[in-house]
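Asks: So that we are looking at the same thing, I have put the structure below in structure tokens.
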Amino acid sequence: MTTDPTLRIAIPLFEHMTALDAIGPYEVLQRLPGSSVTFVGEERGTVRTDNGFLGLVVDAALDELPDPDVIVVPGGWGTQALIADDGHPIVEWVRAAHGGTRFTTSVCTGSDVLGKAGLLDGLTAATHWSNFSTLSGLGAEPTGTRVVEHLDERVITAAGVSSGIDMALRLSELLVDDVAAKAMQLMIEYDPQPPFDAGNVEAAGDEVMTRLITYAADRR
């Protein structure tokens with residue numbers, strides 16, 4: 001087994017992000033021996049997630065960590081503001097930092113940020129099922145695969161929310177080894193046994209989709 005005593009992992013935070021996109025991978029990666037996880041952002045302070053109920057704290061400005069070893073970009077509807085701005089600081093930071101990372105990764109609509117930064121041109125990529133058209137417009141080829149990796153390009157993308165944990169476990173294997181990844185899985189007791197089979201569009205069906213659309217409209 002090999003470990004890296006200076007493995008610096010950066011997770012950018014922004015307004016209206018989805019908390020679990022960041023915290024799921026964090027719970028895995030912060031347990032790797034020798035790793036450090038820093039929540040970065042445009043400026044230090046609190047950002048509000050999704051509907052504003054939960055705040056997460058940015059501990060370092062982007063320019064305080066310009067060269068992380070690993071980047072994990074979360075998603076959420078807040079990514080819309082990031083990709084609407086041709087020079088958004090987070091997009092520019094991802095583009096610049098990617099040149100020196102071991103892996104640049106995303107969860108859910110965080111793939112839009114990678115696409116905007118030009119990291120997914122012509123590549124297959126995972127994202128939330130509702131985001132395929134947006135990601136396609138950013139140069140990627142969306143796929144329903146839960147985790148998509150392009151190791152030569154050092155890019156890994158994960159689908160919606162909970163798949164970020166799957167991605168982080170695979171990343172643990174790449175960074176250390178499969179035993180380390182399994183140890184991380186056991187540490188967080190990640191043994192999913194959901195009571196319903198409704199975690200993808202095909203399985204959920206029309207009735208569930210109709211209810212979801214109603215709920216989503218009410219929470220915006």
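Letters A, B, ... go to the chains of the structure tokens in the order shown; residues in each chain start at 1; ligands are counted from 1 in the same order.
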Got a sec: who's within 12 Å of A:Pro192, counting only C-alpha atoms, leaving out chain neighbours fewer than 4 positions off, as a ChimeraX atom specification?
Replies: /A:162-163,165-166,185-186,188,196-197,199
Asks: For the residues in that selection, give me C-alpha atoms as a PDB file, in the first residue's frame.
Replies:
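Result file is part_36.pdb:
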ATOM      1  CA  SER A 162     -25.400   9.964  -4.057  1.00  0.00           C
ATOM      2  CA  SER A 163     -23.161   8.762  -6.886  1.00  0.00           C
ATOM      3  CA  ILE A 165     -19.820   8.524  -2.837  1.00  0.00           C
ATOM      4  CA  ASP A 166     -19.287   5.858  -5.502  1.00  0.00           C
ATOM      5  CA  GLN A 185     -16.475   2.046   2.461  1.00  0.00           C
ATOM      6  CA  LEU A 186     -16.555   0.083   5.666  1.00  0.00           C
ATOM      7  CA  ILE A 188     -18.742   4.983   6.574  1.00  0.00           C
ATOM      8  CA  PHE A 196     -37.626   1.476  -3.048  1.00  0.00           C
ATOM      9  CA  ASP A 197     -36.387   0.961  -6.591  1.00  0.00           C
ATOM     10  CA  GLY A 199     -33.367   5.836  -8.106  1.00  0.00           C
TER      11      GLY A 199
END
Asks: Got a sec: who's within 8 Å of A:Gly122, counting only C-alpha atoms, leaving out chain neighbours fewer than 6 positions off, as a list of chain:residue names?
Replies: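 Once the nearby chain positions are removed, what remains is A:Gly139, A:Ala140, A:Glu141.
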Asks: Would you save the residues from that selection as a compact mmCIF listing (two decimals), in the first residue's frame, using C-alpha atoms?
Replies:
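Dumped everything to out.txt:
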# COMPACT_ATOMS: atom_id res chain seq x y z
CA GLY A 139 -19.05 19.96 -25.37
CA ALA A 140 -19.53 16.68 -23.51
CA GLU A 141 -21.43 13.53 -24.40
Asks: Show me, as a list in words, the residues that have an atom within 10 Å of A:Met167 when counting only C-alpha atoms, minus same-chain residues fewer than 4 positions from it.
Replies: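 The contact residues come out as Gly24, Pro25, Val28, Val72, Thr105, Ser106, Val107, Arg146, Val147, Val148, Glu149, Ile156, Thr157, Ala158, Ala159, Ser162, Ser163, Leu171, Ser172 and Glu173 of chain A.
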Asks: Could you write out, as an MDAnalysis selection string, all the residues of stretch 76-159 of chain A that DSSP marks as strand (DSSP E or B)?
Replies: chainID A and resid 103:107 124:126 141:143 147:150 155:158
Asks: Calculate how many Å separate atom CA of A:Arg44 from atom CA of A:Asp112, rounding to one decimal.
Replies: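 Straight-line distance from atom CA of A:Arg44 to atom CA of A:Asp112 works out to 23.4 Å.
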Asks: Considering only C-alpha atoms, can you say which of A:Leu13, A:Leu54, A:Ala217, A:Ala97 comes closest to A:Asp67?
Replies: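 So, comparing all the options, the nearest one is A:Ala97.
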Asks: Find the spatial neighbours of A:Pro68, counting only C-alpha atoms, within a cut-off of 10 Å - ignore same-chain residues fewer than 4 positions away - and output them as a PDB file with C-alpha atoms, in the first residue's frame.
Replies:
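Below is the file result_23.pdb, written as the result:
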ATOM      1  CA  THR A   6       0.616  15.649   1.088  1.00  0.00           C
ATOM      2  CA  LEU A   7      -2.574  14.785  -0.793  1.00  0.00           C
ATOM      3  CA  ARG A   8      -4.425  18.102  -0.992  1.00  0.00           C
ATOM      4  CA  ILE A   9      -8.075  17.810  -1.939  1.00  0.00           C
ATOM      5  CA  ALA A  10     -10.090  20.924  -2.772  1.00  0.00           C
ATOM      6  CA  ILE A  11     -13.869  21.140  -2.888  1.00  0.00           C
ATOM      7  CA  VAL A  37      -9.629  18.494   2.434  1.00  0.00           C
ATOM      8  CA  THR A  38     -10.103  22.235   1.997  1.00  0.00           C
ATOM      9  CA  VAL A  94     -10.763  24.793 -12.215  1.00  0.00           C
ATOM     10  CA  ALA A  97      -5.667  24.137 -11.517  1.00  0.00           C
ATOM     11  CA  HIS A  98      -6.480  21.128 -13.693  1.00  0.00           C
ATOM     12  CA  GLY A 100      -1.436  20.151 -12.144  1.00  0.00           C
ATOM     13  CA  THR A 101      -4.051  17.900 -10.549  1.00  0.00           C
ATOM     14  CA  ARG A 102      -3.864  14.160 -10.228  1.00  0.00           C
ATOM     15  CA  PHE A 103      -7.619  14.068 -10.801  1.00  0.00           C
ATOM     16  CA  THR A 104     -10.287  16.661 -11.477  1.00  0.00           C
TER      17      THR A 104
END
Asks: Taking into account only C-alpha atoms, which residue in the set A:Gly115, A:Leu123, A:Leu212, A:Pro66 is nearest to A:His150?
Replies: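 Of A:Gly115, A:Leu123, A:Leu212, A:Pro66, the one nearest A:His150 is A:Leu123, counting only C-alpha atoms.
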Asks: Smallest atom-to-atom distance to A:Ile83: which of A:Met209, A:Ala117, A:Ala60, A:Ala22, using only C-alpha atoms?
Replies: A:Ala117
Asks: From the options A:Cys108, A:Leu29, A:Leu175, A:Val155, which residue's atoms come nearest to A:Thr124, counting only C-alpha atoms?
Replies: A:Val155
Asks: Separation of atom CA of A:Ala216 and atom CA of A:Gly137, in Å?
Replies: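 Separation between atom CA of A:Ala216 and atom CA of A:Gly137: 23.3 Å.
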Asks: I'd like the contact shell of A:Val58 - 9 Å cut-off, only C-alpha atoms, skipping same-chain residues fewer than 3 positions apart - returned as a PyMOL selection string.
Replies: chain A and resi 12-14+38-47+61
Asks: I need the alpha helix (DSSP H) residues of stretch 159-208 of chain A per DSSP on the backbone, written as a ChimeraX atom specification.
Replies: /A:163-175,178-187,201-208
